[in-house]
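**Q** The file below is query02.txt, compact mmCIF, N, CA and C atoms:
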```txt
# COMPACT_ATOMS: atom_id res chain seq x y z
N MET U 1 -46.81 -184.05 64.98
CA MET U 1 -46.79 -185.27 65.78
C MET U 1 -45.38 -185.85 65.83
N ARG U 2 -44.62 -185.64 64.75
CA ARG U 2 -43.27 -186.18 64.69
C ARG U 2 -42.41 -185.64 65.84
N VAL U 3 -42.53 -184.36 66.12
CA VAL U 3 -41.74 -183.77 67.20
C VAL U 3 -42.15 -184.38 68.54
N LEU U 4 -43.43 -184.53 68.76
CA LEU U 4 -43.93 -185.10 70.00
C LEU U 4 -43.40 -186.53 70.19
N ILE U 5 -43.48 -187.33 69.14
CA ILE U 5 -42.98 -188.70 69.21
C ILE U 5 -41.48 -188.73 69.44
N ALA U 6 -40.74 -187.90 68.70
CA ALA U 6 -39.28 -187.87 68.83
C ALA U 6 -38.86 -187.45 70.23
N LEU U 7 -39.49 -186.42 70.76
CA LEU U 7 -39.12 -185.96 72.10
C LEU U 7 -39.38 -187.03 73.16
N LEU U 8 -40.52 -187.71 73.05
CA LEU U 8 -40.83 -188.76 74.02
C LEU U 8 -39.90 -189.95 73.85
N LEU U 9 -39.60 -190.31 72.63
CA LEU U 9 -38.70 -191.42 72.35
C LEU U 9 -37.30 -191.13 72.90
N GLN U 10 -36.82 -189.93 72.69
CA GLN U 10 -35.49 -189.56 73.14
C GLN U 10 -35.43 -189.26 74.63
N ASN U 11 -36.58 -188.92 75.22
CA ASN U 11 -36.64 -188.54 76.64
C ASN U 11 -37.87 -189.18 77.28
N PRO U 12 -37.84 -190.49 77.51
CA PRO U 12 -39.03 -191.19 78.02
C PRO U 12 -39.58 -190.65 79.33
N SER U 13 -38.76 -189.99 80.11
CA SER U 13 -39.24 -189.45 81.39
C SER U 13 -40.25 -188.32 81.18
N LEU U 14 -40.32 -187.78 79.97
CA LEU U 14 -41.29 -186.72 79.68
C LEU U 14 -42.72 -187.20 79.87
N VAL U 15 -42.92 -188.51 79.85
CA VAL U 15 -44.27 -189.05 80.03
C VAL U 15 -44.87 -188.58 81.35
N GLY U 16 -44.02 -188.30 82.33
CA GLY U 16 -44.49 -187.81 83.62
C GLY U 16 -45.16 -186.45 83.55
N LEU U 17 -44.94 -185.73 82.47
CA LEU U 17 -45.55 -184.41 82.30
C LEU U 17 -46.98 -184.51 81.77
N LEU U 18 -47.37 -185.69 81.32
CA LEU U 18 -48.70 -185.87 80.75
C LEU U 18 -49.67 -186.28 81.84
N ASP U 19 -50.54 -185.37 82.21
CA ASP U 19 -51.53 -185.68 83.24
C ASP U 19 -52.88 -186.04 82.64
N LYS U 20 -52.98 -185.97 81.32
CA LYS U 20 -54.24 -186.27 80.65
C LYS U 20 -54.18 -187.64 80.01
N ASP U 21 -55.37 -188.19 79.80
CA ASP U 21 -55.49 -189.40 79.01
C ASP U 21 -55.18 -189.03 77.57
N VAL U 22 -54.36 -189.81 76.91
CA VAL U 22 -53.95 -189.46 75.55
C VAL U 22 -54.76 -190.16 74.47
N GLN U 23 -55.73 -190.98 74.86
CA GLN U 23 -56.53 -191.71 73.88
C GLN U 23 -57.26 -190.77 72.92
N PHE U 24 -57.62 -189.58 73.37
CA PHE U 24 -58.39 -188.66 72.54
C PHE U 24 -57.62 -188.29 71.28
N ILE U 25 -56.29 -188.34 71.33
CA ILE U 25 -55.52 -187.96 70.15
C ILE U 25 -55.89 -188.84 68.98
N ASN U 26 -56.05 -190.10 69.24
CA ASN U 26 -56.41 -191.02 68.17
C ASN U 26 -57.91 -190.99 67.89
N GLN U 27 -58.72 -190.89 68.93
CA GLN U 27 -60.17 -190.93 68.77
C GLN U 27 -60.74 -189.68 68.11
N ASP U 28 -60.30 -188.53 68.55
CA ASP U 28 -60.90 -187.28 68.09
C ASP U 28 -60.09 -186.57 67.02
N LEU U 29 -58.81 -186.82 66.98
CA LEU U 29 -57.95 -186.06 66.09
C LEU U 29 -57.63 -186.80 64.80
N HIS U 30 -57.47 -188.09 64.90
CA HIS U 30 -57.10 -188.91 63.74
C HIS U 30 -55.83 -188.37 63.08
N GLU U 31 -54.89 -187.96 63.88
CA GLU U 31 -53.63 -187.42 63.41
C GLU U 31 -52.70 -188.57 63.06
N LYS U 32 -52.00 -188.46 61.95
CA LYS U 32 -51.04 -189.48 61.57
C LYS U 32 -49.99 -189.59 62.68
N GLY U 33 -49.76 -190.80 63.14
CA GLY U 33 -48.82 -191.04 64.24
C GLY U 33 -49.47 -191.05 65.60
N GLY U 34 -50.76 -190.76 65.65
CA GLY U 34 -51.47 -190.73 66.94
C GLY U 34 -51.45 -192.05 67.67
N GLU U 35 -51.69 -193.13 66.94
CA GLU U 35 -51.68 -194.46 67.56
C GLU U 35 -50.30 -194.80 68.09
N LEU U 36 -49.28 -194.45 67.33
CA LEU U 36 -47.91 -194.72 67.76
C LEU U 36 -47.58 -193.91 69.02
N PHE U 37 -47.99 -192.65 69.06
CA PHE U 37 -47.74 -191.83 70.24
C PHE U 37 -48.41 -192.45 71.46
N ILE U 38 -49.65 -192.90 71.31
CA ILE U 38 -50.37 -193.52 72.43
C ILE U 38 -49.63 -194.76 72.90
N GLU U 39 -49.14 -195.55 71.97
CA GLU U 39 -48.40 -196.76 72.33
C GLU U 39 -47.11 -196.41 73.06
N LEU U 40 -46.41 -195.37 72.59
CA LEU U 40 -45.18 -194.93 73.27
C LEU U 40 -45.48 -194.48 74.70
N VAL U 41 -46.55 -193.73 74.87
CA VAL U 41 -46.94 -193.27 76.21
C VAL U 41 -47.21 -194.47 77.11
N GLN U 42 -47.93 -195.45 76.61
CA GLN U 42 -48.24 -196.64 77.41
C GLN U 42 -46.96 -197.39 77.80
N ILE U 43 -46.05 -197.54 76.86
CA ILE U 43 -44.78 -198.22 77.15
C ILE U 43 -44.01 -197.46 78.22
N CYS U 44 -43.92 -196.16 78.08
CA CYS U 44 -43.18 -195.35 79.06
C CYS U 44 -43.83 -195.36 80.43
N ARG U 45 -45.16 -195.37 80.47
CA ARG U 45 -45.87 -195.41 81.76
C ARG U 45 -45.74 -196.77 82.43
N GLU U 46 -45.75 -197.83 81.65
CA GLU U 46 -45.65 -199.18 82.21
C GLU U 46 -44.22 -199.57 82.58
N ASN U 47 -43.24 -198.89 82.00
CA ASN U 47 -41.83 -199.21 82.23
C ASN U 47 -41.07 -197.97 82.68
N VAL U 48 -41.40 -197.49 83.86
CA VAL U 48 -40.77 -196.27 84.38
C VAL U 48 -39.25 -196.45 84.38
N GLY U 49 -38.56 -195.47 83.86
CA GLY U 49 -37.10 -195.53 83.81
C GLY U 49 -36.55 -196.19 82.55
N ILE U 50 -37.44 -196.54 81.63
CA ILE U 50 -36.99 -197.18 80.39
C ILE U 50 -36.10 -196.22 79.60
N PHE U 51 -35.12 -196.78 78.93
CA PHE U 51 -34.22 -195.99 78.09
C PHE U 51 -34.73 -195.99 76.65
N PRO U 52 -34.31 -195.01 75.86
CA PRO U 52 -34.74 -194.96 74.46
C PRO U 52 -34.48 -196.27 73.71
N GLY U 53 -33.35 -196.88 73.95
CA GLY U 53 -33.04 -198.14 73.29
C GLY U 53 -34.02 -199.24 73.65
N GLY U 54 -34.51 -199.23 74.86
CA GLY U 54 -35.51 -200.21 75.29
C GLY U 54 -36.83 -200.01 74.58
N ILE U 55 -37.18 -198.76 74.37
CA ILE U 55 -38.41 -198.47 73.62
C ILE U 55 -38.25 -198.95 72.18
N LEU U 56 -37.12 -198.63 71.60
CA LEU U 56 -36.86 -199.03 70.21
C LEU U 56 -36.89 -200.55 70.08
N GLU U 57 -36.32 -201.23 71.05
CA GLU U 57 -36.29 -202.70 71.02
C GLU U 57 -37.72 -203.27 71.07
N HIS U 58 -38.59 -202.58 71.76
CA HIS U 58 -39.99 -203.01 71.83
C HIS U 58 -40.61 -203.10 70.43
N PHE U 59 -40.15 -202.26 69.51
CA PHE U 59 -40.72 -202.18 68.17
C PHE U 59 -39.93 -202.97 67.12
N ARG U 60 -38.90 -203.70 67.56
CA ARG U 60 -38.12 -204.49 66.61
C ARG U 60 -39.07 -205.43 65.86
N ASP U 61 -38.80 -205.62 64.60
CA ASP U 61 -39.60 -206.48 63.72
C ASP U 61 -41.02 -205.96 63.50
N THR U 62 -41.20 -204.64 63.64
CA THR U 62 -42.49 -204.03 63.30
C THR U 62 -42.25 -202.96 62.24
N ASP U 63 -43.32 -202.49 61.65
CA ASP U 63 -43.21 -201.42 60.66
C ASP U 63 -42.76 -200.10 61.28
N HIS U 64 -42.89 -199.97 62.59
CA HIS U 64 -42.52 -198.73 63.25
C HIS U 64 -41.02 -198.65 63.58
N TYR U 65 -40.34 -199.76 63.51
CA TYR U 65 -38.95 -199.79 63.96
C TYR U 65 -38.07 -198.78 63.22
N ARG U 66 -38.05 -198.83 61.91
CA ARG U 66 -37.16 -197.96 61.13
C ARG U 66 -37.50 -196.48 61.33
N PRO U 67 -38.78 -196.07 61.22
CA PRO U 67 -39.07 -194.65 61.47
C PRO U 67 -38.68 -194.21 62.89
N LEU U 68 -38.91 -195.08 63.89
CA LEU U 68 -38.52 -194.73 65.26
C LEU U 68 -37.01 -194.65 65.41
N GLU U 69 -36.32 -195.52 64.71
CA GLU U 69 -34.85 -195.48 64.75
C GLU U 69 -34.35 -194.14 64.20
N LEU U 70 -34.97 -193.69 63.13
CA LEU U 70 -34.60 -192.38 62.56
C LEU U 70 -34.94 -191.25 63.53
N LEU U 71 -36.12 -191.32 64.14
CA LEU U 71 -36.52 -190.26 65.08
C LEU U 71 -35.66 -190.26 66.34
N MET U 72 -35.19 -191.44 66.74
CA MET U 72 -34.34 -191.50 67.93
C MET U 72 -33.04 -190.74 67.72
N ASN U 73 -32.59 -190.70 66.49
CA ASN U 73 -31.33 -190.01 66.17
C ASN U 73 -31.55 -188.66 65.51
N TRP U 74 -32.81 -188.27 65.38
CA TRP U 74 -33.15 -187.02 64.71
C TRP U 74 -32.75 -185.83 65.56
N ASP U 75 -32.10 -184.85 64.93
CA ASP U 75 -31.75 -183.61 65.63
C ASP U 75 -32.90 -182.63 65.46
N HIS U 76 -33.74 -182.53 66.47
CA HIS U 76 -34.93 -181.68 66.41
C HIS U 76 -34.60 -180.22 66.64
N MET U 77 -33.35 -179.93 66.95
CA MET U 77 -32.86 -178.56 67.10
C MET U 77 -33.50 -177.81 68.27
N ILE U 78 -34.02 -178.54 69.24
CA ILE U 78 -34.59 -177.91 70.43
C ILE U 78 -33.52 -177.87 71.50
N ASP U 79 -33.33 -176.71 72.07
CA ASP U 79 -32.34 -176.54 73.12
C ASP U 79 -32.67 -177.49 74.28
N PRO U 80 -31.69 -178.22 74.79
CA PRO U 80 -31.95 -179.16 75.88
C PRO U 80 -32.67 -178.53 77.08
N ASP U 81 -32.43 -177.24 77.31
CA ASP U 81 -33.11 -176.56 78.41
C ASP U 81 -34.59 -176.31 78.14
N ASN U 82 -35.00 -176.44 76.88
CA ASN U 82 -36.39 -176.16 76.50
C ASN U 82 -37.17 -177.40 76.10
N ILE U 83 -36.60 -178.57 76.29
CA ILE U 83 -37.27 -179.80 75.83
C ILE U 83 -38.59 -180.02 76.56
N GLU U 84 -38.61 -179.87 77.87
CA GLU U 84 -39.86 -180.08 78.62
C GLU U 84 -40.93 -179.10 78.16
N GLN U 85 -40.57 -177.84 78.03
CA GLN U 85 -41.53 -176.83 77.60
C GLN U 85 -42.01 -177.11 76.19
N SER U 86 -41.12 -177.47 75.29
CA SER U 86 -41.52 -177.77 73.91
C SER U 86 -42.45 -178.98 73.86
N PHE U 87 -42.15 -179.99 74.67
CA PHE U 87 -42.99 -181.18 74.71
C PHE U 87 -44.40 -180.84 75.20
N THR U 88 -44.50 -180.12 76.30
CA THR U 88 -45.83 -179.78 76.84
C THR U 88 -46.58 -178.83 75.91
N GLU U 89 -45.90 -177.89 75.29
CA GLU U 89 -46.56 -176.98 74.37
C GLU U 89 -47.07 -177.72 73.13
N THR U 90 -46.27 -178.65 72.64
CA THR U 90 -46.69 -179.43 71.47
C THR U 90 -47.86 -180.32 71.82
N PHE U 91 -47.81 -180.96 72.99
CA PHE U 91 -48.93 -181.80 73.43
C PHE U 91 -50.18 -180.95 73.61
N ASP U 92 -50.05 -179.78 74.22
CA ASP U 92 -51.19 -178.89 74.41
C ASP U 92 -51.79 -178.45 73.07
N PHE U 93 -50.93 -178.25 72.07
CA PHE U 93 -51.39 -177.90 70.73
C PHE U 93 -52.30 -179.00 70.20
N PHE U 94 -51.87 -180.26 70.34
CA PHE U 94 -52.69 -181.37 69.84
C PHE U 94 -53.97 -181.54 70.67
N CYS U 95 -53.90 -181.25 71.95
CA CYS U 95 -55.11 -181.29 72.79
C CYS U 95 -56.12 -180.28 72.28
N HIS U 96 -55.65 -179.06 72.03
CA HIS U 96 -56.53 -178.00 71.54
C HIS U 96 -57.10 -178.36 70.16
N LYS U 97 -56.26 -178.90 69.31
CA LYS U 97 -56.68 -179.30 67.96
C LYS U 97 -57.76 -180.39 68.03
N ALA U 98 -57.59 -181.35 68.93
CA ALA U 98 -58.58 -182.42 69.10
C ALA U 98 -59.89 -181.85 69.64
N LEU U 99 -59.80 -180.93 70.58
CA LEU U 99 -60.98 -180.28 71.15
C LEU U 99 -61.75 -179.54 70.07
N GLU U 100 -61.04 -178.79 69.25
CA GLU U 100 -61.67 -178.04 68.16
C GLU U 100 -62.35 -178.98 67.17
N ARG U 101 -61.67 -180.06 66.83
CA ARG U 101 -62.24 -181.01 65.86
C ARG U 101 -63.51 -181.65 66.42
N LYS U 102 -63.48 -182.05 67.67
CA LYS U 102 -64.65 -182.67 68.29
C LYS U 102 -65.82 -181.69 68.32
N MET U 103 -65.55 -180.43 68.66
CA MET U 103 -66.62 -179.42 68.67
C MET U 103 -67.18 -179.21 67.27
N ASP U 104 -66.30 -179.15 66.26
CA ASP U 104 -66.75 -178.98 64.88
C ASP U 104 -67.67 -180.12 64.45
N ILE U 105 -67.30 -181.35 64.83
CA ILE U 105 -68.12 -182.51 64.47
C ILE U 105 -69.49 -182.42 65.13
N LEU U 106 -69.51 -182.07 66.41
CA LEU U 106 -70.79 -181.98 67.11
C LEU U 106 -71.65 -180.84 66.59
N MET U 107 -71.04 -179.71 66.28
CA MET U 107 -71.82 -178.58 65.76
C MET U 107 -72.36 -178.88 64.37
N ALA U 108 -71.58 -179.58 63.55
CA ALA U 108 -72.07 -179.96 62.22
C ALA U 108 -73.24 -180.94 62.35
N LYS U 109 -73.14 -181.87 63.28
CA LYS U 109 -74.22 -182.82 63.50
C LYS U 109 -75.48 -182.11 63.99
N GLU U 110 -75.29 -181.11 64.85
CA GLU U 110 -76.42 -180.33 65.36
C GLU U 110 -77.16 -179.66 64.21
N ARG U 111 -76.43 -179.10 63.28
CA ARG U 111 -77.05 -178.43 62.13
C ARG U 111 -77.77 -179.42 61.21
N GLN U 112 -77.22 -180.63 61.10
CA GLN U 112 -77.77 -181.60 60.14
C GLN U 112 -78.93 -182.40 60.71
N VAL U 113 -78.75 -183.00 61.86
CA VAL U 113 -79.79 -183.91 62.38
C VAL U 113 -80.13 -183.67 63.84
N GLY U 114 -79.40 -182.79 64.49
CA GLY U 114 -79.62 -182.54 65.90
C GLY U 114 -78.76 -183.45 66.78
N LEU U 115 -78.68 -183.08 68.04
CA LEU U 115 -77.85 -183.82 68.99
C LEU U 115 -78.72 -184.49 70.05
N THR U 116 -78.22 -185.60 70.55
CA THR U 116 -78.88 -186.23 71.68
C THR U 116 -78.59 -185.39 72.92
N ASP U 117 -79.27 -185.67 74.00
CA ASP U 117 -79.03 -184.93 75.24
C ASP U 117 -77.58 -185.11 75.69
N ASP U 118 -77.05 -186.32 75.57
CA ASP U 118 -75.66 -186.57 75.96
C ASP U 118 -74.69 -185.77 75.10
N GLU U 119 -74.97 -185.70 73.81
CA GLU U 119 -74.10 -184.94 72.91
C GLU U 119 -74.18 -183.44 73.19
N LYS U 120 -75.38 -182.96 73.54
CA LYS U 120 -75.52 -181.54 73.91
C LYS U 120 -74.69 -181.23 75.15
N LEU U 121 -74.75 -182.13 76.11
CA LEU U 121 -73.96 -181.96 77.33
C LEU U 121 -72.47 -181.98 77.01
N GLU U 122 -72.06 -182.93 76.16
CA GLU U 122 -70.65 -183.03 75.78
C GLU U 122 -70.19 -181.75 75.09
N LEU U 123 -71.01 -181.23 74.18
CA LEU U 123 -70.64 -179.99 73.47
C LEU U 123 -70.53 -178.82 74.46
N ALA U 124 -71.45 -178.74 75.37
CA ALA U 124 -71.41 -177.66 76.37
C ALA U 124 -70.12 -177.75 77.20
N GLN U 125 -69.76 -178.97 77.60
CA GLN U 125 -68.53 -179.16 78.36
C GLN U 125 -67.29 -178.80 77.54
N LEU U 126 -67.30 -179.17 76.28
CA LEU U 126 -66.17 -178.84 75.40
C LEU U 126 -66.05 -177.33 75.23
N LEU U 127 -67.19 -176.65 75.07
CA LEU U 127 -67.16 -175.19 74.92
C LEU U 127 -66.64 -174.51 76.18
N MET U 128 -66.93 -175.08 77.33
CA MET U 128 -66.42 -174.50 78.58
C MET U 128 -64.92 -174.72 78.72
N GLN U 129 -64.39 -175.80 78.14
CA GLN U 129 -62.95 -176.07 78.21
C GLN U 129 -62.17 -175.14 77.31
N LYS U 130 -62.81 -174.67 76.27
CA LYS U 130 -62.14 -173.83 75.29
C LYS U 130 -61.80 -172.53 75.89
```
Any chance you could give the structure as structure tokens?
**A**
Amino acid sequence: MRVLIALLLQNPSLVGLLDKDVQFINQDLHEKGGELFIELVQICRENVGIFPGGILEHFRDTDHYRPLELLMNWDHMIDPDNIEQSFTETFDFFCHKALERKMDILMAKERQVGLTDDEKLELAQLLMQK
């Protein structure tokens, strides 16, 4: 998640590559930094053309300020020509991870107590996405 946050923080225009709703990262994945990533996406979407410093300023006087300041200056060692690809691949990785986790939860519930009709439909849809 750190790479995803750092890339978006350093390159806010990358938000345009996200065509999916990102709420699932926090809801289904519970990945550390998920809430912060969602907030960064919202800031970048609401403030098209924002610069990294503007994003950082948004977090001044919060617990996120110092870690974001470090990530803004972090050398992630990704070639500038590959930043977009790395960002989308990393985001896709978390999408897949969230999908797998949600399916695991539903299948475990099916074994324990059974699923409602809505949950069965949701599981079927998730299996088709896989």
**Q** Nearest to Leu127 (chain U) among U:Gly16, U:Asp61, U:Lys109, U:Met103, with distances taken over only N, CA and C atoms: which residue is it?
**A**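 Under the stated criterion, the closest residue is U:Met103.
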**Q** Select from region 11-109 of chain U every residue with an atom at most 12 Å from any atom of region 113-122 of chain U, then for each give the shortest pair of atoms and their distance in Å to one decimal, using only C-alpha atoms, rows by chain and rising number, as a Markdown table.
**A**
```
| residue | atom | partner | partner_atom | distance |
| --- | --- | --- | --- | --- |
| U:Leu99 | CA | U:Glu122 | CA | 11.1 |
| U:Lys102 | CA | U:Glu122 | CA | 9.6 |
| U:Met103 | CA | U:Glu122 | CA | 8.9 |
| U:Ile105 | CA | U:Glu119 | CA | 10.6 |
| U:Leu106 | CA | U:Glu119 | CA | 7.3 |
| U:Met107 | CA | U:Leu115 | CA | 8.6 |
| U:Ala108 | CA | U:Val113 | CA | 8.7 |
| U:Lys109 | CA | U:Val113 | CA | 5.8 |
```
**Q** What gap, in Å, lies between atom C of Pro80 (chain U) and atom N of Val3 (chain U)?
**A**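 Separating atom C of Pro80 (chain U) from atom N of Val3 (chain U) is a distance of 15.9 Å.
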**Q** Rounded to one decimal in Å, what is the spacing between atom C of His58 (chain U) and atom C of His76 (chain U)?
**A**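 Rounded to one decimal, the two atoms are 24.0 Å apart.
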**Q** Nearest to Leu8 (chain U): which of U:Phe87, U:Gly33, U:Glu69, U:Asp63 is it, counting only N, CA and C atoms?
**A**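 Result for the nearest residue to Leu8 (chain U): U:Phe87.
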**Q** Give me, as a PDB file with N, CA and C atoms, in the coordinates of the input, all polymer residues having an atom no more than 8 Å from Leu40 (chain U), counting only N, CA and C atoms and skipping those fewer than 3 positions away in the same chain.
**A**
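out.pdb was written with the following content:
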```pdb
ATOM      1  N   ILE U   5     -43.480-187.330  69.140  1.00  0.00           N
ATOM      2  CA  ILE U   5     -42.980-188.700  69.210  1.00  0.00           C
ATOM      3  C   ILE U   5     -41.480-188.730  69.440  1.00  0.00           C
ATOM      4  N   LEU U   8     -40.520-187.710  73.050  1.00  0.00           N
ATOM      5  CA  LEU U   8     -40.830-188.760  74.020  1.00  0.00           C
ATOM      6  C   LEU U   8     -39.900-189.950  73.850  1.00  0.00           C
ATOM      7  N   LEU U   9     -39.600-190.310  72.630  1.00  0.00           N
ATOM      8  CA  LEU U   9     -38.700-191.420  72.350  1.00  0.00           C
ATOM      9  C   LEU U   9     -37.300-191.130  72.900  1.00  0.00           C
ATOM     10  N   PRO U  12     -37.840-190.490  77.510  1.00  0.00           N
ATOM     11  CA  PRO U  12     -39.030-191.190  78.020  1.00  0.00           C
ATOM     12  C   PRO U  12     -39.580-190.650  79.330  1.00  0.00           C
ATOM     13  N   VAL U  15     -42.920-188.510  79.850  1.00  0.00           N
ATOM     14  CA  VAL U  15     -44.270-189.050  80.030  1.00  0.00           C
ATOM     15  C   VAL U  15     -44.870-188.580  81.350  1.00  0.00           C
ATOM     16  N   GLY U  34     -50.760-190.760  65.650  1.00  0.00           N
ATOM     17  CA  GLY U  34     -51.470-190.730  66.940  1.00  0.00           C
ATOM     18  C   GLY U  34     -51.450-192.050  67.670  1.00  0.00           C
ATOM     19  N   GLU U  35     -51.690-193.130  66.940  1.00  0.00           N
ATOM     20  CA  GLU U  35     -51.680-194.460  67.560  1.00  0.00           C
ATOM     21  C   GLU U  35     -50.300-194.800  68.090  1.00  0.00           C
ATOM     22  N   LEU U  36     -49.280-194.450  67.330  1.00  0.00           N
ATOM     23  CA  LEU U  36     -47.910-194.720  67.760  1.00  0.00           C
ATOM     24  C   LEU U  36     -47.580-193.910  69.020  1.00  0.00           C
ATOM     25  N   PHE U  37     -47.990-192.650  69.060  1.00  0.00           N
ATOM     26  CA  PHE U  37     -47.740-191.830  70.240  1.00  0.00           C
ATOM     27  C   PHE U  37     -48.410-192.450  71.460  1.00  0.00           C
ATOM     28  N   ILE U  43     -46.050-197.540  76.860  1.00  0.00           N
ATOM     29  CA  ILE U  43     -44.780-198.220  77.150  1.00  0.00           C
ATOM     30  C   ILE U  43     -44.010-197.460  78.220  1.00  0.00           C
ATOM     31  N   CYS U  44     -43.920-196.160  78.080  1.00  0.00           N
ATOM     32  CA  CYS U  44     -43.180-195.350  79.060  1.00  0.00           C
ATOM     33  C   CYS U  44     -43.830-195.360  80.430  1.00  0.00           C
ATOM     34  N   ARG U  45     -45.160-195.370  80.470  1.00  0.00           N
ATOM     35  CA  ARG U  45     -45.870-195.410  81.760  1.00  0.00           C
ATOM     36  C   ARG U  45     -45.740-196.770  82.430  1.00  0.00           C
ATOM     37  N   GLU U  46     -45.750-197.830  81.650  1.00  0.00           N
ATOM     38  CA  GLU U  46     -45.650-199.180  82.210  1.00  0.00           C
ATOM     39  C   GLU U  46     -44.220-199.570  82.580  1.00  0.00           C
ATOM     40  N   ILE U  55     -37.180-198.760  74.370  1.00  0.00           N
ATOM     41  CA  ILE U  55     -38.410-198.470  73.620  1.00  0.00           C
ATOM     42  C   ILE U  55     -38.250-198.950  72.180  1.00  0.00           C
TER      43      ILE U  55
END
```
**Q** Region 73-112 of chain U: which residues are alpha helix (DSSP H) by DSSP, as an MDAnalysis selection string?
**A** chainID U and resid 83:112
**Q** Residues within 8 Å of Gln10 (chain U), please, as a list of chain:residue names. Count all atoms listed in the file; anything in the same chain fewer than 6 positions from it doesn't count.
**A**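 These residues fall inside the cut-off: U:Leu4, U:Phe51, U:Pro52, U:Gly53, U:Leu71, U:Met72, U:Asn73.
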**Q** Could those selected residues go to a file with N, CA and C atoms, as a PDB file, in the frame of the given file?
**A**
```pdb
ATOM      1  N   LEU U   4     -43.430-184.530  68.760  1.00  0.00           N
ATOM      2  CA  LEU U   4     -43.930-185.100  70.000  1.00  0.00           C
ATOM      3  C   LEU U   4     -43.400-186.530  70.190  1.00  0.00           C
ATOM      4  N   PHE U  51     -35.120-196.780  78.930  1.00  0.00           N
ATOM      5  CA  PHE U  51     -34.220-195.990  78.090  1.00  0.00           C
ATOM      6  C   PHE U  51     -34.730-195.990  76.650  1.00  0.00           C
ATOM      7  N   PRO U  52     -34.310-195.010  75.860  1.00  0.00           N
ATOM      8  CA  PRO U  52     -34.740-194.960  74.460  1.00  0.00           C
ATOM      9  C   PRO U  52     -34.480-196.270  73.710  1.00  0.00           C
ATOM     10  N   GLY U  53     -33.350-196.880  73.950  1.00  0.00           N
ATOM     11  CA  GLY U  53     -33.040-198.140  73.290  1.00  0.00           C
ATOM     12  C   GLY U  53     -34.020-199.240  73.650  1.00  0.00           C
ATOM     13  N   LEU U  71     -36.120-191.320  64.140  1.00  0.00           N
ATOM     14  CA  LEU U  71     -36.520-190.260  65.080  1.00  0.00           C
ATOM     15  C   LEU U  71     -35.660-190.260  66.340  1.00  0.00           C
ATOM     16  N   MET U  72     -35.190-191.440  66.740  1.00  0.00           N
ATOM     17  CA  MET U  72     -34.340-191.500  67.930  1.00  0.00           C
ATOM     18  C   MET U  72     -33.040-190.740  67.720  1.00  0.00           C
ATOM     19  N   ASN U  73     -32.590-190.700  66.490  1.00  0.00           N
ATOM     20  CA  ASN U  73     -31.330-190.010  66.170  1.00  0.00           C
ATOM     21  C   ASN U  73     -31.550-188.660  65.510  1.00  0.00           C
TER      22      ASN U  73
END
```
**Q** Give me, please, the distance in Å between CA of Val41 (chain U) and CA of Leu70 (chain U), quoted to one decimal.
**A**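 A separation of 18.4 Å between them.
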**Q** Nearest to His64 (chain U) among U:Leu7, U:Cys95, U:Glu39, U:Lys130, with distances taken over only C-alpha atoms: which residue is it?
**A**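 Counting only C-alpha atoms, the residue closest to His64 (chain U) is U:Glu39.
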**Q** For each of U:Asp21, U:Glu57, U:Glu31, U:Asp92, take the minimum atom-to-atom distance to Met1 (chain U), counting all atoms listed in the file, then give the residue where this is smallest.
**A**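 The closest residue to Met1 (chain U) is U:Glu31.
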**Q** For each of U:Leu56, U:Ile83, U:Ile38, U:Met77, take the minimum atom-to-atom distance to Val22 (chain U), counting all atoms listed in the file, then give the residue where this is smallest.
**A**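 Closest to Val22 (chain U) of all the choices is U:Ile38.
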